[in-house]
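One file, start.txt, carrying compact mmCIF, C-alpha atoms and all ligand atoms:
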# COMPACT_ATOMS: atom_id res chain seq x y z
CA MET A 1 0.00 0.00 0.00
CA THR A 2 1.65 3.19 -1.15
CA ILE A 3 -1.27 5.54 -0.57
CA LYS A 4 -1.43 6.26 3.15
CA THR A 5 -2.46 9.89 3.37
CA LEU A 6 -4.50 12.47 1.47
CA GLU A 7 -1.15 13.93 0.31
CA ASP A 8 -0.30 10.56 -1.25
CA LEU A 9 -3.72 10.30 -2.86
CA PHE A 10 -3.38 13.85 -4.23
CA HIS A 11 0.04 13.02 -5.69
CA GLU A 12 -1.21 9.76 -7.27
CA THR A 13 -4.22 11.51 -8.80
CA VAL A 14 -2.02 14.26 -10.26
CA LYS A 15 0.04 11.50 -11.91
CA ASP A 16 -3.17 10.03 -13.32
CA ILE A 17 -4.46 13.27 -14.84
CA TYR A 18 -0.92 14.07 -16.09
CA TYR A 19 -1.05 10.81 -18.06
CA ALA A 20 -4.52 11.68 -19.36
CA GLU A 21 -3.49 15.18 -20.53
CA LYS A 22 -0.38 13.88 -22.26
CA LYS A 23 -2.44 11.19 -23.94
CA LEU A 24 -4.87 13.87 -25.17
CA VAL A 25 -2.02 15.92 -26.67
CA LYS A 26 -1.40 12.87 -28.87
CA THR A 27 -5.06 12.04 -29.53
CA LEU A 28 -6.67 15.44 -30.21
CA PRO A 29 -4.85 15.96 -33.55
CA LYS A 30 -6.34 12.66 -34.76
CA MET A 31 -9.80 13.75 -33.62
CA ALA A 32 -9.41 17.12 -35.37
CA LYS A 33 -8.42 15.29 -38.56
CA GLN A 34 -11.48 13.04 -38.37
CA ALA A 35 -13.88 15.94 -37.74
CA LYS A 36 -15.79 17.10 -40.81
CA SER A 37 -17.14 20.50 -39.81
CA PRO A 38 -14.62 23.37 -39.77
CA GLN A 39 -16.06 24.67 -36.47
CA LEU A 40 -15.51 21.33 -34.76
CA LYS A 41 -11.97 21.07 -36.19
CA LYS A 42 -11.27 24.56 -34.85
CA ALA A 43 -12.71 23.80 -31.41
CA ILE A 44 -10.57 20.67 -31.08
CA GLN A 45 -7.44 22.42 -32.32
CA SER A 46 -7.84 25.29 -29.87
CA HIS A 47 -8.38 22.81 -27.05
CA LEU A 48 -5.20 21.04 -28.17
CA THR A 49 -3.27 24.26 -27.58
CA GLU A 50 -4.88 24.61 -24.15
CA THR A 51 -4.10 20.99 -23.34
CA GLY A 52 -0.40 21.68 -23.96
CA HIS A 53 -0.62 24.45 -21.36
CA GLN A 54 -2.47 22.13 -19.00
CA VAL A 55 0.42 19.64 -19.17
CA GLU A 56 2.83 22.46 -18.26
CA ARG A 57 0.56 23.54 -15.40
CA LEU A 58 0.58 20.01 -14.01
CA GLU A 59 4.39 20.05 -14.16
CA LYS A 60 4.20 23.18 -11.98
CA VAL A 61 1.83 21.36 -9.61
CA PHE A 62 4.41 18.55 -9.26
CA ALA A 63 7.12 21.16 -8.59
CA SER A 64 4.92 22.85 -5.98
CA ILE A 65 4.87 19.61 -3.95
CA ASP A 66 8.58 18.90 -4.62
CA LYS A 67 7.89 15.96 -6.89
CA LYS A 68 9.13 15.06 -10.35
CA PRO A 69 6.48 14.97 -13.10
CA VAL A 70 5.61 11.31 -13.50
CA ALA A 71 2.65 9.92 -15.40
CA LYS A 72 0.73 6.89 -14.14
CA LYS A 73 -1.35 5.02 -16.69
CA CYS A 74 -4.93 6.24 -16.49
CA GLU A 75 -7.16 3.30 -17.38
CA ALA A 76 -10.22 5.57 -17.45
CA ILE A 77 -8.96 7.78 -20.29
CA GLU A 78 -7.66 4.72 -22.16
CA GLY A 79 -11.14 3.19 -21.92
CA LEU A 80 -12.94 6.35 -23.00
CA LEU A 81 -10.68 6.80 -26.03
CA LYS A 82 -10.91 3.12 -26.97
CA GLU A 83 -14.68 3.32 -26.91
CA ALA A 84 -14.55 6.50 -29.02
CA ASP A 85 -12.44 4.68 -31.62
CA GLU A 86 -14.80 1.73 -31.69
CA VAL A 87 -17.82 3.94 -32.32
CA MET A 88 -15.97 5.89 -35.04
CA ALA A 89 -15.08 2.67 -36.85
CA GLU A 90 -18.80 1.89 -37.20
CA ILE A 91 -19.83 5.24 -38.75
CA GLU A 92 -19.70 6.28 -42.39
CA ASP A 93 -21.93 9.34 -42.61
CA ALA A 94 -19.85 12.52 -42.20
CA ARG A 95 -22.28 14.43 -40.03
CA THR A 96 -22.85 11.47 -37.74
CA ILE A 97 -19.06 11.24 -37.35
CA ASP A 98 -19.07 14.80 -36.02
CA ALA A 99 -21.86 13.99 -33.56
CA ALA A 100 -19.85 11.01 -32.30
CA ILE A 101 -16.67 13.11 -31.96
CA ILE A 102 -18.54 15.77 -29.98
CA SER A 103 -19.99 13.10 -27.74
CA SER A 104 -16.62 11.45 -27.08
CA ALA A 105 -14.91 14.79 -26.49
CA GLN A 106 -17.59 15.84 -24.00
CA THR A 107 -17.22 12.55 -22.15
CA VAL A 108 -13.49 13.17 -21.84
CA GLU A 109 -14.12 16.75 -20.65
CA HIS A 110 -16.50 15.51 -17.98
CA TYR A 111 -13.90 13.04 -16.75
CA GLU A 112 -11.33 15.82 -16.53
CA ILE A 113 -13.77 18.17 -14.83
CA ALA A 114 -14.45 15.50 -12.19
CA ARG A 115 -10.72 14.94 -11.60
CA TYR A 116 -9.81 18.63 -11.38
CA THR A 117 -12.77 19.45 -9.12
CA THR A 118 -11.63 16.76 -6.68
CA LEU A 119 -7.97 17.77 -6.88
CA ILE A 120 -8.81 21.41 -6.14
CA CYS A 121 -10.83 20.35 -3.11
CA TRP A 122 -7.93 18.24 -1.80
CA ALA A 123 -5.33 20.94 -2.56
CA GLN A 124 -7.37 23.41 -0.51
CA GLU A 125 -7.74 20.91 2.31
CA LEU A 126 -3.96 20.31 2.27
CA GLY A 127 -3.14 24.02 2.17
CA LEU A 128 -1.54 23.70 -1.29
CA ASP A 129 -2.61 27.13 -2.49
CA ASP A 130 -0.32 27.33 -5.54
CA ALA A 131 -1.47 23.91 -6.73
CA ALA A 132 -5.12 24.83 -6.15
CA GLN A 133 -4.71 27.98 -8.29
CA LEU A 134 -3.01 26.13 -11.13
CA LEU A 135 -5.65 23.41 -11.12
CA GLN A 136 -8.45 25.98 -11.05
CA ALA A 137 -7.06 27.68 -14.18
CA THR A 138 -7.23 24.34 -15.98
CA LEU A 139 -10.67 23.49 -14.62
CA ASP A 140 -11.97 26.81 -16.02
CA GLU A 141 -10.61 25.86 -19.46
CA GLU A 142 -12.16 22.39 -19.30
CA ILE A 143 -15.55 23.83 -18.40
CA ALA A 144 -15.33 26.35 -21.27
CA ALA A 145 -14.28 23.59 -23.69
CA ASP A 146 -17.23 21.46 -22.57
CA GLN A 147 -19.59 24.39 -23.12
CA SER A 148 -18.29 25.05 -26.66
CA LEU A 149 -18.75 21.38 -27.47
CA GLY A 150 -22.26 21.56 -26.03
CA HIS A 151 -23.07 24.47 -28.38
CA LEU A 152 -21.73 22.50 -31.34
CA ALA A 153 -23.91 19.55 -30.31
CA GLU A 154 -26.96 21.83 -30.21
CA ASP A 155 -26.09 23.31 -33.64
CA TYR A 156 -25.86 19.78 -34.97
CA VAL A 157 -29.30 18.86 -33.63
CA ASN A 158 -30.84 22.11 -34.91
CA GLN A 159 -29.37 21.67 -38.40
CA LYS A 160 -30.64 18.13 -38.48
CA ALA A 161 -34.12 19.31 -37.49
CA ALA A 162 -34.04 22.02 -40.18
CA ALA A 163 -32.86 19.60 -42.88
FE FE B 201 -7.45 18.80 -20.24
Just give me the structure as structure tokens.
Ligand SMILES: [Fe+2]
Amino acid sequence: MTIKTLEDLFHETVKDIYYAEKKLVKTLPKMAKQAKSPQLKKAIQSHLTETGHQVERLEKVFASIDKKPVAKKCEAIEGLLKEADEVMAEIEDARTIDAAIISSAQTVEHYEIARYTTLICWAQELGLDDAAQLLQATLDEEIAADQSLGHLAEDYVNQKAAA
């Protein structure tokens, strides 16, 4: 048992989300390539840029607790992305592909939002103010990204209704 305290659990969870963010830096370009609508491509690309900053912020979080940045395999993100791939492989219609990408991307955002919300709570409890601030900056970006995806999902449904 390596997790004995809330500090340990905080550290382990930072490693987990660090893995997830780094994985997304590799995966988002593929998603952007698969997306058909220019707006969706743009939304994914701009979130890719943000995700790069989120990785750097997590490196600062590690530094703030005197730890080296180490990633620990996050089975949750692996599972979400695997499922996204499986769904994509079954779709031919371009507009349905976009709906599936939006759905997968929102699922990933919600996972990240859950992680960051918890980490901020623990950082505050542990008196890690610098870490809490860094994590909050990222949480704000994740929430904004989720909202933009939500608008794209609504546009998709409205266009479909109008067609
Ligand atoms: Fe992220």
Kindly provide, as a tab-separated table (two decimals) with C-alpha atoms, in the frame of the given file, all nucleotide and amino acid residues lying within 9 Å of ligand FE 201 (chain B), counting all atoms listed in the file.
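Everything below was put into pocket22.tsv:
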chain	number	residue	atom	x	y	z
A	17	ILE	CA	-4.46	13.27	-14.84
A	20	ALA	CA	-4.52	11.68	-19.36
A	21	GLU	CA	-3.49	15.18	-20.53
A	22	LYS	CA	-0.38	13.88	-22.26
A	24	LEU	CA	-4.87	13.87	-25.17
A	25	VAL	CA	-2.02	15.92	-26.67
A	47	HIS	CA	-8.38	22.81	-27.05
A	48	LEU	CA	-5.20	21.04	-28.17
A	50	GLU	CA	-4.88	24.61	-24.15
A	51	THR	CA	-4.10	20.99	-23.34
A	52	GLY	CA	-0.40	21.68	-23.96
A	53	HIS	CA	-0.62	24.45	-21.36
A	54	GLN	CA	-2.47	22.13	-19.00
A	55	VAL	CA	0.42	19.64	-19.17
A	108	VAL	CA	-13.49	13.17	-21.84
A	109	GLU	CA	-14.12	16.75	-20.65
A	112	GLU	CA	-11.33	15.82	-16.53
A	113	ILE	CA	-13.77	18.17	-14.83
A	138	THR	CA	-7.23	24.34	-15.98
A	139	LEU	CA	-10.67	23.49	-14.62
A	141	GLU	CA	-10.61	25.86	-19.46
A	142	GLU	CA	-12.16	22.39	-19.30
Could you list, as a PyMOL selection string, every residue within 10 Å of Ser148 of chain A, counting only C-alpha atoms and ignoring same-chain residues fewer than 5 positions away? chain A and resi 40+43-44+102+106+142-143+153-154
Give the answer as one residue: which of A:Val87, A:Val14, A:Leu28, A:Ala123 has the shortest atom-to-atom distance to Ala71 of chain A, using all atoms listed in the file?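 Smallest separation from Ala71 of chain A among the options: A:Val14.
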d(atom CA of Asp140 of chain A, atom CA of Arg95 of chain A) in Å: 28.9 Å
Find the distance between atom CA of Arg57 of chain A and atom CA of Leu135 of chain A and write it in Å to one decimal.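 For atom CA of Arg57 of chain A relative to atom CA of Leu135 of chain A, the distance reads 7.5 Å.
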Taking 4 positions as the minimum chain separation for residues in the same chain, which residues sit within 7 Å of Gln45 of chain A when counting all atoms listed in the file? Answer as a list in words.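 So, after excluding close chain neighbours, the residues are Ala32, Lys41 and Thr49 of chain A.
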Using all atoms listed in the file and a cutoff of 12 Å, can you tell me which residues are near (3.9, 22.7, -2.1) in the file's coordinates, and write them out as a list in words?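 Residues close enough to count: Glu7, Phe10, His11, Lys60, Val61, Phe62, Ala63, Ser64, Ile65, Asp66, Lys67, Ala123, Gln124, Leu126, Gly127, Leu128, Asp129, Asp130, Ala131, Ala132, Gln133 and Leu134 of chain A.
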Writing out the chosen residues with C-alpha atoms as a CSV table (one decimal), in the frame of the given file:
chain,number,residue,atom,x,y,z
A,7,GLU,CA,-1.2,13.9,0.3
A,10,PHE,CA,-3.4,13.8,-4.2
A,11,HIS,CA,0.0,13.0,-5.7
A,60,LYS,CA,4.2,23.2,-12.0
A,61,VAL,CA,1.8,21.4,-9.6
A,62,PHE,CA,4.4,18.6,-9.3
A,63,ALA,CA,7.1,21.2,-8.6
A,64,SER,CA,4.9,22.8,-6.0
A,65,ILE,CA,4.9,19.6,-4.0
A,66,ASP,CA,8.6,18.9,-4.6
A,67,LYS,CA,7.9,16.0,-6.9
A,123,ALA,CA,-5.3,20.9,-2.6
A,124,GLN,CA,-7.4,23.4,-0.5
A,126,LEU,CA,-4.0,20.3,2.3
A,127,GLY,CA,-3.1,24.0,2.2
A,128,LEU,CA,-1.5,23.7,-1.3
A,129,ASP,CA,-2.6,27.1,-2.5
A,130,ASP,CA,-0.3,27.3,-5.5
A,131,ALA,CA,-1.5,23.9,-6.7
A,132,ALA,CA,-5.1,24.8,-6.2
A,133,GLN,CA,-4.7,28.0,-8.3
A,134,LEU,CA,-3.0,26.1,-11.1
With 3 Å added on each side, what axis-aligned box encloses every listed atom of segment 64-79 of chain A? Give the centre and edge lengths in Å to one decimal, as AutoDock Vina command-line options.
--center_x -1.0 --center_y 13.0 --center_z -13.1 --size_x 26.3 --size_y 25.7 --size_z 24.2
